[in-house]
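K.L.:
Pasting target_19.tsv here (TSV, C-alpha atoms and all ligand atoms):
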chain	number	residue	atom	x	y	z
V	1	MET	CA	6.07	77.22	-94.08
V	2	ASN	CA	8.27	76.12	-91.21
V	3	LEU	CA	9.78	79.14	-89.53
V	4	THR	CA	11.61	77.08	-86.92
V	5	ARG	CA	13.69	73.89	-87.06
V	6	ALA	CA	11.53	70.99	-88.19
V	7	ASP	CA	13.45	68.53	-86.00
V	8	LEU	CA	12.27	70.30	-82.84
V	9	ALA	CA	8.78	68.89	-83.37
V	10	ALA	CA	10.09	65.48	-82.35
V	11	LEU	CA	11.89	66.82	-79.28
V	12	PRO	CA	10.26	66.14	-75.91
V	13	SER	CA	9.76	69.21	-73.74
V	14	TYR	CA	11.36	69.31	-70.30
V	15	VAL	CA	8.71	68.27	-67.79
V	16	PRO	CA	9.15	70.09	-64.49
V	17	GLY	CA	7.88	68.60	-61.24
V	18	ARG	CA	4.33	69.88	-60.83
V	19	THR	CA	3.36	72.34	-58.14
V	20	VAL	CA	-0.21	71.93	-56.91
V	21	PRO	CA	-1.27	74.49	-54.29
V	22	GLY	CA	-1.97	72.76	-50.98
V	23	SER	CA	-0.14	69.59	-51.97
V	24	ILE	CA	3.20	68.29	-50.77
V	25	LYS	CA	5.76	68.59	-53.57
V	26	LEU	CA	8.21	65.72	-53.76
V	27	ALA	CA	8.76	66.10	-57.48
V	28	SER	CA	11.76	68.34	-58.13
V	29	ASN	CA	14.56	67.17	-55.83
V	30	GLU	CA	14.46	70.34	-53.79
V	31	VAL	CA	15.49	70.46	-50.12
V	32	PRO	CA	12.45	71.29	-47.96
V	33	TYR	CA	13.96	73.52	-45.28
V	34	GLY	CA	13.81	76.97	-46.93
V	35	PRO	CA	16.71	79.25	-47.89
V	36	LEU	CA	19.88	79.02	-45.80
V	37	PRO	CA	20.37	81.74	-43.14
V	38	GLY	CA	21.52	85.04	-44.59
V	39	VAL	CA	20.38	84.26	-48.12
V	40	VAL	CA	17.17	86.29	-48.10
V	41	GLU	CA	19.02	89.29	-46.61
V	42	ALA	CA	21.66	89.04	-49.33
V	43	ILE	CA	18.96	89.00	-52.01
V	44	VAL	CA	17.21	92.02	-50.48
V	45	GLU	CA	20.48	93.93	-50.44
V	46	ALA	CA	21.29	92.89	-54.01
V	47	ALA	CA	17.85	94.09	-55.09
V	48	GLN	CA	18.99	97.67	-54.54
V	49	GLY	CA	21.30	97.26	-57.49
V	50	VAL	CA	19.08	95.61	-60.06
V	51	HIS	CA	19.16	98.61	-62.38
V	52	ARG	CA	22.83	97.64	-62.99
V	53	TYR	CA	24.08	94.63	-64.93
V	54	PRO	CA	25.50	91.77	-62.91
V	55	ASP	CA	29.22	90.95	-63.00
V	56	LEU	CA	29.67	89.26	-66.38
V	57	GLY	CA	32.58	87.17	-65.16
V	58	VAL	CA	30.87	86.10	-61.91
V	59	VAL	CA	34.27	86.76	-60.37
V	60	ALA	CA	33.46	86.99	-56.65
V	61	LEU	CA	31.54	83.72	-56.75
V	62	ARG	CA	34.19	81.96	-58.81
V	63	GLU	CA	36.88	83.16	-56.40
V	64	LYS	CA	34.92	81.92	-53.43
V	65	LEU	CA	34.34	78.54	-55.06
V	66	ALA	CA	38.01	78.32	-56.02
V	67	GLY	CA	39.00	78.89	-52.39
V	68	ARG	CA	36.58	76.26	-51.10
V	69	LEU	CA	37.51	73.69	-53.70
V	70	GLY	CA	41.24	74.35	-53.70
V	71	VAL	CA	41.49	75.02	-57.44
V	72	ALA	CA	42.63	78.02	-59.48
V	73	VAL	CA	39.84	80.44	-60.35
V	74	ASP	CA	40.52	80.10	-64.08
V	75	ARG	CA	39.37	76.48	-63.83
V	76	ILE	CA	35.83	77.54	-62.92
V	77	ALA	CA	32.93	78.64	-65.10
V	78	ALA	CA	29.76	79.69	-63.29
V	79	GLY	CA	26.34	80.17	-64.76
V	80	CYS	CA	22.59	80.06	-64.57
V	81	GLY	CA	22.22	76.63	-62.97
V	82	SER	CA	24.13	73.49	-63.82
V	83	VAL	CA	21.60	72.66	-66.52
V	84	ALA	CA	22.85	75.78	-68.31
V	85	MET	CA	26.42	74.67	-67.69
V	86	THR	CA	25.58	71.34	-69.32
V	87	GLU	CA	24.34	73.25	-72.33
V	88	HIS	CA	27.45	75.41	-72.40
V	89	ILE	CA	29.92	72.53	-72.18
V	90	MET	CA	28.05	70.80	-75.00
V	91	ARG	CA	28.12	73.99	-77.05
V	92	ALA	CA	31.83	74.31	-76.34
V	93	THR	CA	32.63	70.75	-77.44
V	94	CYS	CA	30.12	69.62	-80.08
V	95	LEU	CA	29.40	70.61	-83.65
V	96	PRO	CA	26.29	69.30	-85.42
V	97	GLY	CA	26.63	65.56	-85.93
V	98	ASP	CA	29.12	65.01	-83.13
V	99	GLU	CA	28.11	62.34	-80.65
V	100	VAL	CA	27.26	62.69	-76.97
V	101	VAL	CA	27.18	59.46	-74.96
V	102	TYR	CA	25.11	59.17	-71.80
V	103	SER	CA	23.25	56.58	-69.82
V	104	TRP	CA	19.51	56.23	-70.12
V	105	ARG	CA	17.45	56.73	-68.15
V	106	SER	CA	19.26	59.70	-66.69
V	107	PHE	CA	18.67	63.44	-66.32
V	108	GLU	CA	15.96	64.36	-68.79
V	109	ALA	CA	17.68	67.58	-69.87
V	110	TYR	CA	20.54	65.69	-71.57
V	111	PRO	CA	18.66	64.60	-74.72
V	112	ILE	CA	17.02	68.01	-75.04
V	113	ILE	CA	20.32	69.85	-74.76
V	114	ALA	CA	22.03	67.47	-77.17
V	115	ALA	CA	19.29	67.91	-79.75
V	116	THR	CA	19.26	71.69	-79.49
V	117	THR	CA	23.04	71.71	-79.90
V	118	GLY	CA	22.66	69.60	-83.03
V	119	ALA	CA	24.69	66.81	-81.47
V	120	THR	CA	23.66	63.17	-81.83
V	121	SER	CA	22.61	61.44	-78.62
V	122	VAL	CA	23.97	57.96	-78.03
V	123	ARG	CA	21.99	56.49	-75.15
V	124	VAL	CA	23.37	53.48	-73.35
V	125	PRO	CA	20.69	51.56	-71.42
V	126	ASN	CA	20.99	51.41	-67.65
V	127	THR	CA	21.93	48.12	-66.06
V	128	ALA	CA	19.25	45.85	-64.59
V	129	ALA	CA	20.16	47.45	-61.25
V	130	HIS	CA	19.17	50.88	-62.71
V	131	GLY	CA	22.71	52.32	-62.80
V	132	HIS	CA	25.15	53.32	-65.53
V	133	ASP	CA	26.63	50.48	-67.57
V	134	LEU	CA	30.12	51.96	-67.71
V	135	PRO	CA	31.76	49.24	-69.85
V	136	ALA	CA	28.96	49.62	-72.41
V	137	MET	CA	29.31	53.40	-72.28
V	138	ALA	CA	33.06	53.14	-72.90
V	139	ALA	CA	32.35	50.79	-75.80
V	140	ALA	CA	29.88	53.32	-77.25
V	141	VAL	CA	32.61	55.96	-77.65
V	142	THR	CA	33.59	56.36	-81.31
V	143	SER	CA	35.78	58.75	-83.27
V	144	ARG	CA	32.72	61.02	-83.51
V	145	THR	CA	32.18	61.20	-79.74
V	146	LYS	CA	33.02	64.59	-78.27
V	147	LEU	CA	31.35	64.33	-74.89
V	148	VAL	CA	30.35	61.67	-72.38
V	149	ILE	CA	28.10	62.51	-69.46
V	150	VAL	CA	28.30	60.48	-66.26
V	151	CYS	CA	25.63	61.36	-63.70
V	152	ASN	CA	26.83	60.35	-60.24
V	153	PRO	CA	24.61	59.68	-58.41
V	154	ASN	CA	22.19	59.23	-61.26
V	155	ASN	CA	19.00	61.22	-61.60
V	156	PRO	CA	16.33	59.78	-61.42
V	157	THR	CA	17.47	56.40	-60.09
V	158	GLY	CA	19.78	57.64	-57.30
V	159	THR	CA	22.33	54.92	-58.10
V	160	PRO	CA	26.00	55.70	-57.39
V	161	LEU	CA	29.16	54.78	-59.24
V	162	ARG	CA	32.12	53.72	-57.15
V	163	ARG	CA	35.77	54.73	-57.29
V	164	ALA	CA	37.35	51.76	-59.06
V	165	GLU	CA	34.73	51.41	-61.79
V	166	LEU	CA	34.84	55.13	-62.55
V	167	ARG	CA	38.63	55.09	-62.70
V	168	ASP	CA	38.56	52.12	-65.08
V	169	PHE	CA	35.99	53.91	-67.21
V	170	LEU	CA	38.05	57.11	-67.46
V	171	ASP	CA	41.12	55.06	-68.34
V	172	ALA	CA	39.16	53.24	-71.05
V	173	VAL	CA	37.77	56.43	-72.59
V	174	GLY	CA	41.20	58.07	-72.63
V	175	PRO	CA	42.11	61.76	-72.70
V	176	ASP	CA	40.67	62.81	-76.08
V	177	VAL	CA	36.98	62.91	-75.20
V	178	VAL	CA	35.54	65.28	-72.61
V	179	VAL	CA	33.89	63.41	-69.75
V	180	VAL	CA	31.43	65.43	-67.68
V	181	LEU	CA	30.90	64.15	-64.15
V	182	ASP	CA	27.52	65.60	-63.22
V	183	GLU	CA	27.60	65.73	-59.42
V	184	ALA	CA	24.45	67.77	-58.78
V	185	TYR	CA	23.72	65.62	-55.72
V	186	ARG	CA	27.27	65.32	-54.35
V	187	GLU	CA	26.37	66.78	-50.94
V	188	PHE	CA	24.03	63.85	-50.23
V	189	VAL	CA	26.64	61.17	-50.90
V	190	THR	CA	27.53	59.20	-47.77
V	191	ASP	CA	29.16	56.08	-49.24
V	192	THR	CA	32.91	56.63	-48.97
V	193	GLU	CA	33.42	54.39	-52.00
V	194	VAL	CA	31.66	56.99	-54.15
V	195	PRO	CA	34.42	59.36	-55.25
V	196	ASP	CA	34.44	63.14	-55.21
V	197	GLY	CA	35.04	63.55	-58.93
V	198	LEU	CA	36.91	66.79	-58.52
V	199	VAL	CA	39.29	65.56	-55.83
V	200	GLU	CA	39.99	62.21	-57.44
V	201	PHE	CA	39.75	62.83	-61.19
V	202	GLY	CA	39.66	66.61	-61.61
V	203	ASP	CA	43.29	66.85	-62.66
V	204	ARG	CA	42.74	64.75	-65.76
V	205	PRO	CA	42.79	67.04	-68.83
V	206	ASN	CA	39.43	65.88	-70.15
V	207	VAL	CA	37.40	65.69	-66.93
V	208	VAL	CA	34.78	68.34	-66.21
V	209	VAL	CA	32.95	68.33	-62.88
V	210	LEU	CA	29.51	69.87	-62.73
V	211	ARG	CA	27.96	71.10	-59.47
V	212	THR	CA	24.92	73.12	-58.48
V	213	LEU	CA	23.68	75.36	-55.70
V	214	SER	CA	20.09	74.35	-56.45
V	215	LYS	CA	19.89	71.23	-54.34
V	216	ALA	CA	21.64	71.00	-50.97
V	217	TRP	CA	22.42	74.74	-51.00
V	218	GLY	CA	18.75	75.60	-51.46
V	219	LEU	CA	18.92	78.04	-54.39
V	220	ALA	CA	16.85	76.20	-57.03
V	221	GLY	CA	14.68	79.25	-57.65
V	222	LEU	CA	17.60	81.61	-58.30
V	223	ARG	CA	19.71	79.49	-60.67
V	224	ALA	CA	23.39	79.13	-59.84
V	225	GLY	CA	25.66	76.31	-60.92
V	226	TYR	CA	29.25	75.86	-62.01
V	227	LEU	CA	31.77	73.55	-63.55
V	228	VAL	CA	35.42	72.90	-62.84
V	229	ALA	CA	37.66	71.92	-65.73
V	230	GLN	CA	41.16	72.50	-67.00
V	231	PRO	CA	41.73	76.23	-67.71
V	232	GLU	CA	41.44	75.96	-71.51
V	233	VAL	CA	38.16	74.06	-71.28
V	234	ALA	CA	36.74	76.42	-68.66
V	235	GLU	CA	37.75	79.39	-70.80
V	236	ALA	CA	35.98	77.96	-73.84
V	237	VAL	CA	32.85	77.44	-71.73
V	238	ARG	CA	33.00	81.01	-70.42
V	239	LYS	CA	33.07	82.22	-74.04
V	240	VAL	CA	29.80	80.52	-74.93
V	241	ILE	CA	27.86	81.40	-71.78
V	242	THR	CA	24.87	83.63	-72.45
V	243	PRO	CA	26.19	87.02	-71.28
V	244	PHE	CA	24.93	88.23	-67.87
V	245	SER	CA	22.85	85.09	-67.32
V	246	THR	CA	23.89	84.73	-63.66
V	247	ASN	CA	21.84	87.58	-62.23
V	248	ILE	CA	22.78	89.92	-59.39
V	249	ALA	CA	20.52	88.24	-56.83
V	250	ALA	CA	21.77	84.77	-57.73
V	251	GLN	CA	25.41	85.83	-57.38
V	252	ALA	CA	24.77	87.50	-54.00
V	253	ALA	CA	22.69	84.62	-52.71
V	254	ALA	CA	25.25	82.04	-53.80
V	255	LEU	CA	27.98	83.90	-51.90
V	256	ALA	CA	25.79	84.03	-48.78
V	257	ALA	CA	24.78	80.37	-49.06
V	258	LEU	CA	28.39	79.22	-49.33
V	259	ASP	CA	29.04	80.87	-45.93
V	260	GLN	CA	26.56	78.40	-44.43
V	261	GLU	CA	28.33	75.13	-45.08
V	262	GLU	CA	27.67	73.75	-41.61
V	263	GLU	CA	23.95	74.40	-41.81
V	264	MET	CA	23.84	73.02	-45.35
V	265	ALA	CA	25.52	69.84	-44.13
V	266	ARG	CA	23.15	69.58	-41.15
V	267	ARG	CA	20.15	69.78	-43.47
V	268	ALA	CA	21.68	67.33	-45.95
V	269	ALA	CA	22.18	64.87	-43.06
V	270	LEU	CA	18.47	65.14	-42.19
V	271	VAL	CA	17.65	64.30	-45.79
V	272	VAL	CA	20.07	61.37	-45.76
V	273	ALA	CA	18.53	59.94	-42.58
V	274	GLU	CA	15.09	60.21	-44.10
V	275	ARG	CA	16.33	58.66	-47.33
V	276	SER	CA	17.20	55.47	-45.44
V	277	ARG	CA	13.93	55.48	-43.56
V	278	VAL	CA	11.82	55.98	-46.69
V	279	ARG	CA	13.73	53.34	-48.66
V	280	ASP	CA	13.47	50.81	-45.82
V	281	ALA	CA	9.73	51.41	-45.57
V	282	LEU	CA	9.32	50.92	-49.33
V	283	LEU	CA	11.40	47.74	-49.25
V	284	LYS	CA	9.15	46.48	-46.47
V	285	LEU	CA	6.20	47.14	-48.75
V	286	GLY	CA	7.81	44.74	-51.19
V	287	GLN	CA	9.13	47.31	-53.64
V	288	ASP	CA	12.39	47.08	-55.57
V	289	VAL	CA	14.08	50.38	-54.63
V	290	PRO	CA	17.70	50.79	-55.73
V	291	GLU	CA	20.13	52.16	-53.18
V	292	SER	CA	20.15	55.96	-53.49
V	293	GLN	CA	22.99	58.36	-52.75
V	294	ALA	CA	20.92	61.40	-53.71
V	295	ASN	CA	17.94	63.22	-52.16
V	296	PHE	CA	15.35	61.02	-53.84
V	297	VAL	CA	14.44	57.39	-54.34
V	298	TRP	CA	13.37	55.52	-57.47
V	299	LEU	CA	10.46	53.17	-57.78
V	300	PRO	CA	10.82	51.13	-60.99
V	301	LEU	CA	7.10	50.62	-61.44
V	302	GLY	CA	7.16	50.28	-65.24
V	303	ASP	CA	3.68	50.61	-66.70
V	304	GLY	CA	2.30	51.33	-63.25
V	305	ALA	CA	4.24	54.59	-62.88
V	306	THR	CA	1.59	57.04	-64.06
V	307	ALA	CA	-1.26	55.47	-62.07
V	308	PHE	CA	0.88	55.40	-58.92
V	309	ALA	CA	1.69	59.11	-59.30
V	310	GLN	CA	-1.98	59.90	-59.81
V	311	ALA	CA	-2.92	57.97	-56.67
V	312	CYS	CA	-0.28	59.88	-54.70
V	313	GLU	CA	-1.58	63.16	-56.08
V	314	GLN	CA	-5.10	62.29	-54.95
V	315	ALA	CA	-3.63	61.80	-51.48
V	316	GLY	CA	-2.03	65.25	-51.67
V	317	VAL	CA	1.53	64.28	-52.64
V	318	ILE	CA	3.11	65.23	-55.97
V	319	VAL	CA	5.82	62.80	-57.13
V	320	ARG	CA	7.55	62.63	-60.51
V	321	PRO	CA	6.44	59.84	-62.84
V	322	PHE	CA	8.36	58.81	-65.96
V	323	ALA	CA	5.66	57.06	-67.96
V	324	GLY	CA	6.28	53.38	-68.55
V	325	ASP	CA	9.44	53.42	-66.48
V	326	GLY	CA	9.24	54.52	-62.86
V	327	VAL	CA	8.56	57.19	-60.28
V	328	ARG	CA	11.07	59.44	-58.59
V	329	VAL	CA	10.21	60.57	-55.09
V	330	THR	CA	12.13	63.44	-53.52
V	331	ILE	CA	12.91	63.12	-49.82
V	332	GLY	CA	11.02	65.79	-47.88
V	333	THR	CA	10.52	66.50	-44.18
V	334	PRO	CA	9.68	63.52	-41.95
V	335	GLU	CA	6.00	64.56	-41.95
V	336	GLU	CA	5.92	64.90	-45.74
V	337	ASN	CA	7.59	61.53	-46.13
V	338	ASP	CA	5.05	59.93	-43.78
V	339	THR	CA	2.21	61.33	-45.87
V	340	PHE	CA	3.87	59.90	-48.98
V	341	LEU	CA	4.43	56.48	-47.38
V	342	ASN	CA	0.79	56.31	-46.30
V	343	ALA	CA	-0.32	57.19	-49.81
V	344	ALA	CA	2.12	54.73	-51.34
V	345	GLU	CA	0.98	51.85	-49.17
V	346	LYS	CA	-2.56	52.32	-50.42
V	347	ALA	CA	-1.48	52.86	-54.02
V	348	PHE	CA	0.69	49.76	-54.54
V	401	LIG	C1	21.71	65.41	-62.56
V	401	LIG	C2	21.31	66.83	-62.61
V	401	LIG	N1	22.14	67.71	-63.15
V	401	LIG	C3	21.83	69.00	-63.21
V	401	LIG	C4	20.65	69.47	-62.71
V	401	LIG	C5	20.32	70.90	-62.88
V	401	LIG	O1	20.36	71.62	-61.76
V	401	LIG	P1	20.31	73.19	-61.82
V	401	LIG	O2	20.17	73.63	-63.24
V	401	LIG	O3	19.14	73.59	-61.01
V	401	LIG	O4	21.60	73.65	-61.25
V	401	LIG	C6	19.74	68.60	-62.14
V	401	LIG	C7	18.45	69.09	-61.64
V	401	LIG	O5	17.50	68.41	-61.45
V	401	LIG	C8	20.09	67.25	-62.10
V	401	LIG	O6	19.26	66.35	-61.57
Once more with this new file: its structure as structure tokens, please.
P.N.:
Amino acid sequence: MNLTRADLAALPSYVPGRTVPGSIKLASNEVPYGPLPGVVEAIVEAAQGVHRYPDLGVVALREKLAGRLGVAVDRIAAGCGSVAMTEHIMRATCLPGDEVVYSWRSFEAYPIIAATTGATSVRVPNTAAHGHDLPAMAAAVTSRTKLVIVCNPNNPTGTPLRRAELRDFLDAVGPDVVVVLDEAYREFVTDTEVPDGLVEFGDRPNVVVLRTLSKAWGLAGLRAGYLVAQPEVAEAVRKVITPFSTNIAAQAAALAALDQEEEMARRAALVVAERSRVRDALLKLGQDVPESQANFVWLPLGDGATAFAQACEQAGVIVRPFAGDGVRVTIGTPEENDTFLNAAEKAF
């Protein structure tokens, strides 16, 4: 007898970047410079209170974010990482059978979250240049579509969407379908043509902007993310959040991290400089590497992806293969990147 949902058997599990002791990990899009100053102290202090529940409403963090972003606090929902926020916005918008449109390949959590919500995934293939095909995505919206996810820049390909094309897309979709702009890598964007979704489109009634403290802010291990939406949408999301899922340490650490914007930006700039260097080196090795606006680069190696990742691993570098498609390589420290480039040169 089946005690659990039969359809889950067909669902792929989320594959995290592997951690191999002694190896360099360039597999999970983390920033390599450790926690921001003051974060560890804030966690230690918060630890004194772990016999108490955390603030259910995550009010102090939402207020701080509201101040930084220049939006009302009732427009923010904060939770246990932006992957959880993706789940919550889907739960808040979709009933079983409703459609969720997203580009593919994109963030691997989207199909899993859609399936667990009971929503139907509508995947629109990436363009030949590895980015979102926005006209095709707009054309894929039907009367059953409740949510569209736009990942900008896209994980795992790093490709950005620019202002005019995103505006045209939002105009084409219209106001009746929620469009999530997943900007997990916003802090690494340097191309001024790539819009800040909140500043430029956040006032539209159906736009939801998703951000995380896991990447540039260095809190991947604690889990803190948020979304900004119109008040009614944010309120619906807050209703479906798993109660108390943003723990005391995560809330305290997020507050401390947000005080370190300058240092965050300094570190992000180091990553950006290395991103150019690594991409240029790979181009020189004859590889087709799309322009990245995130903290990783994409090698569209097709059937060679798994073997390339294995060769890197033998050289002490863990990268993230997507079998049959490509390999995503997170930008690390200059030394880590050199080790990767040496391994890559031999592996191609
Ligand atoms: C596009 C995208 N969105 C969301 C997330 C989730 O981030 P987190 O749940 O750590 O906030 C990731 C993490 O890899 C991502 O790549």
K.L.:
Give the residues close to ligand LIG 401 (chain V), within 6 Å, counting all atoms listed in the file; write them as a list in words.
P.N.:
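Going residue by residue within 6 Å of ligand LIG 401 (chain V), we get Gly81, Ser82, Val83, Phe107, Cys151, Asn155, Asp182, Ala184, Thr212, Ser214, Ala220, Arg223, Ala224 and Gly225 of chain V.
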K.L.:
In Å, rounded to a single decimal, give me how far CA of Gly324 (chain V) is from CA of Lys284 (chain V).
P.N.:
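Computing it gives 23.3 Å between the two atoms.
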K.L.:
When distances are computed from all atoms listed in the file, which of V:Trp104, V:Phe169, V:Tyr53, V:Tyr185 shows the smallest separation from Val31 (chain V)?
P.N.:
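The answer is V:Tyr185, which sits nearest to Val31 (chain V).
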K.L.:
Have a look at CA of Val194 (chain V) and CA of Ala138 (chain V) and let me know their distance in Å, one decimal.
P.N.:
19.2 Å
K.L.:
Determine the nearest neighbour of Thr333 (chain V) from the options V:Leu26, V:Ala252, V:Val150, V:Met85, counting all atoms listed in the file.
P.N.:
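Closest candidate: V:Leu26.
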K.L.:
Just checking: using only C-alpha atoms, which residue out of V:Gly174, V:Gly221, V:Gly34, V:Gly17 ends up closest to Pro205 (chain V)?
P.N.:
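Among the listed residues, V:Gly174 lies closest to Pro205 (chain V).
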K.L.:
Point out the residue among V:Thr242, V:Thr116, V:Asn2, V:Ser106 with the least atom-to-atom distance to Asn152 (chain V), counting only C-alpha atoms.
P.N.:
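Looking only at the distances to Asn152 (chain V), the closest residue turns out to be V:Ser106.
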K.L.:
Using all atoms listed in the file - which residues lie no farther than 12 Å from the point (19.4, 49.4, -72.7) in the file's frame? Write them as a VMD selection string.
P.N.:
chain V and resid 102 to 106 122 to 133 136 to 137
K.L.:
Just the selected residues (C-alpha atoms), exported as a JSON list (two decimals), keeping the file's coordinate frame, please.
P.N.:
[["chain", "number", "residue", "atom", "x", "y", "z"],
["V", 102, "TYR", "CA", 25.11, 59.17, -71.80],
["V", 103, "SER", "CA", 23.25, 56.58, -69.82],
["V", 104, "TRP", "CA", 19.51, 56.23, -70.12],
["V", 105, "ARG", "CA", 17.45, 56.73, -68.15],
["V", 106, "SER", "CA", 19.26, 59.70, -66.69],
["V", 122, "VAL", "CA", 23.97, 57.96, -78.03],
["V", 123, "ARG", "CA", 21.99, 56.49, -75.15],
["V", 124, "VAL", "CA", 23.37, 53.48, -73.35],
["V", 125, "PRO", "CA", 20.69, 51.56, -71.42],
["V", 126, "ASN", "CA", 20.99, 51.41, -67.65],
["V", 127, "THR", "CA", 21.93, 48.12, -66.06],
["V", 128, "ALA", "CA", 19.25, 45.85, -64.59],
["V", 129, "ALA", "CA", 20.16, 47.45, -61.25],
["V", 130, "HIS", "CA", 19.17, 50.88, -62.71],
["V", 131, "GLY", "CA", 22.71, 52.32, -62.80],
["V", 132, "HIS", "CA", 25.15, 53.32, -65.53],
["V", 133, "ASP", "CA", 26.63, 50.48, -67.57],
["V", 136, "ALA", "CA", 28.96, 49.62, -72.41],
["V", 137, "MET", "CA", 29.31, 53.40, -72.28]]
K.L.:
(20.7, 56.5, -58.0) in this file's frame - what residues fall within 7 Å of it? Use only C-alpha atoms and give the answer as a VMD selection string.
P.N.:
chain V and resid 131 153 to 160 290 to 294
K.L.:
What does the distance from CA of Tyr110 (chain V) to CA of Val141 (chain V) come to in Å, to one decimal?
P.N.:
16.7 Å
K.L.:
Skip Val50 (chain V) itself and residues of its chain fewer than 6 positions away, then list as a count of residues only all residues within 12 Å of it, counting only C-alpha atoms.
P.N.:
8
K.L.:
Could you name the residues that touch region 344-346 of chain V at 10 Å or less, counting only C-alpha atoms, but leaving out those on the same chain fewer than 5 positions away, as a list in words?
P.N.:
Ala281, Leu282, Leu285, Phe308, Ala309, Ala311, Cys312, Ala315, Val317, Asp338 and Thr339 of chain V
K.L.:
Counting only C-alpha atoms, figure out which residue out of V:Leu181, V:Leu255, V:Val71, V:Ala216 gets nearest to Val59 (chain V).
P.N.:
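The shortest atom-to-atom distance to Val59 (chain V) comes from V:Leu255.
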K.L.:
For Glu87 (chain V), list every protein, DNA or RNA residue within 8 Å, evaluated using all atoms listed in the file, and leave out those in the same chain fewer than 5 positions away; present the list as a list in words.
P.N.:
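Once the adjacent positions are removed, what remains is Ile113, Ala114 and Thr117 of chain V.
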K.L.:
For a quick check of understanding, using all atoms listed in the file, which of V:Ile331, V:Val289, V:Val207, V:Phe322 has the smallest distance to Ala269 (chain V)?
P.N.:
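Looking only at the distances to Ala269 (chain V), the closest residue turns out to be V:Ile331.
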K.L.:
With a distance cut-off of 12 Å and only C-alpha atoms, select the neighbouring residues of Lys239 (chain V), excluding the residue or stretch itself and same-chain residues fewer than 2 positions from it, and output the selection as an MDAnalysis selection string.
P.N.:
chainID V and resid 56:57 77:79 85 88:89 91:93 232:237 241:244
K.L.:
Could you write out the selected residues, including C-alpha atoms, as a PDB file, keeping the file's coordinate frame?
P.N.:
ATOM      1  CA  LEU V  56      29.670  89.260 -66.380  1.00  0.00           C
ATOM      2  CA  GLY V  57      32.580  87.170 -65.160  1.00  0.00           C
ATOM      3  CA  ALA V  77      32.930  78.640 -65.100  1.00  0.00           C
ATOM      4  CA  ALA V  78      29.760  79.690 -63.290  1.00  0.00           C
ATOM      5  CA  GLY V  79      26.340  80.170 -64.760  1.00  0.00           C
ATOM      6  CA  MET V  85      26.420  74.670 -67.690  1.00  0.00           C
ATOM      7  CA  HIS V  88      27.450  75.410 -72.400  1.00  0.00           C
ATOM      8  CA  ILE V  89      29.920  72.530 -72.180  1.00  0.00           C
ATOM      9  CA  ARG V  91      28.120  73.990 -77.050  1.00  0.00           C
ATOM     10  CA  ALA V  92      31.830  74.310 -76.340  1.00  0.00           C
ATOM     11  CA  THR V  93      32.630  70.750 -77.440  1.00  0.00           C
ATOM     12  CA  GLU V 232      41.440  75.960 -71.510  1.00  0.00           C
ATOM     13  CA  VAL V 233      38.160  74.060 -71.280  1.00  0.00           C
ATOM     14  CA  ALA V 234      36.740  76.420 -68.660  1.00  0.00           C
ATOM     15  CA  GLU V 235      37.750  79.390 -70.800  1.00  0.00           C
ATOM     16  CA  ALA V 236      35.980  77.960 -73.840  1.00  0.00           C
ATOM     17  CA  VAL V 237      32.850  77.440 -71.730  1.00  0.00           C
ATOM     18  CA  ILE V 241      27.860  81.400 -71.780  1.00  0.00           C
ATOM     19  CA  THR V 242      24.870  83.630 -72.450  1.00  0.00           C
ATOM     20  CA  PRO V 243      26.190  87.020 -71.280  1.00  0.00           C
ATOM     21  CA  PHE V 244      24.930  88.230 -67.870  1.00  0.00           C
TER      22      PHE V 244
END
K.L.:
I'd like the contact shell of region 265-268 of chain V - 12 Å cut-off, only C-alpha atoms, skipping same-chain residues fewer than 5 positions apart - returned as a ChimeraX atom specification.
P.N.:
/V:30-37,185-190,215-218,257-260,273-275,293-296,331-333
K.L.:
Starting from 4 Å padding per side, set up an axis-aligned box that covers all listed atoms of region 90-106 of chain V and hand over centre and edge lengths in Å, one decimal, as AutoDock Vina command-line options.
P.N.:
--center_x 25.0 --center_y 65.3 --center_z -76.3 --size_x 23.2 --size_y 26.1 --size_z 27.2
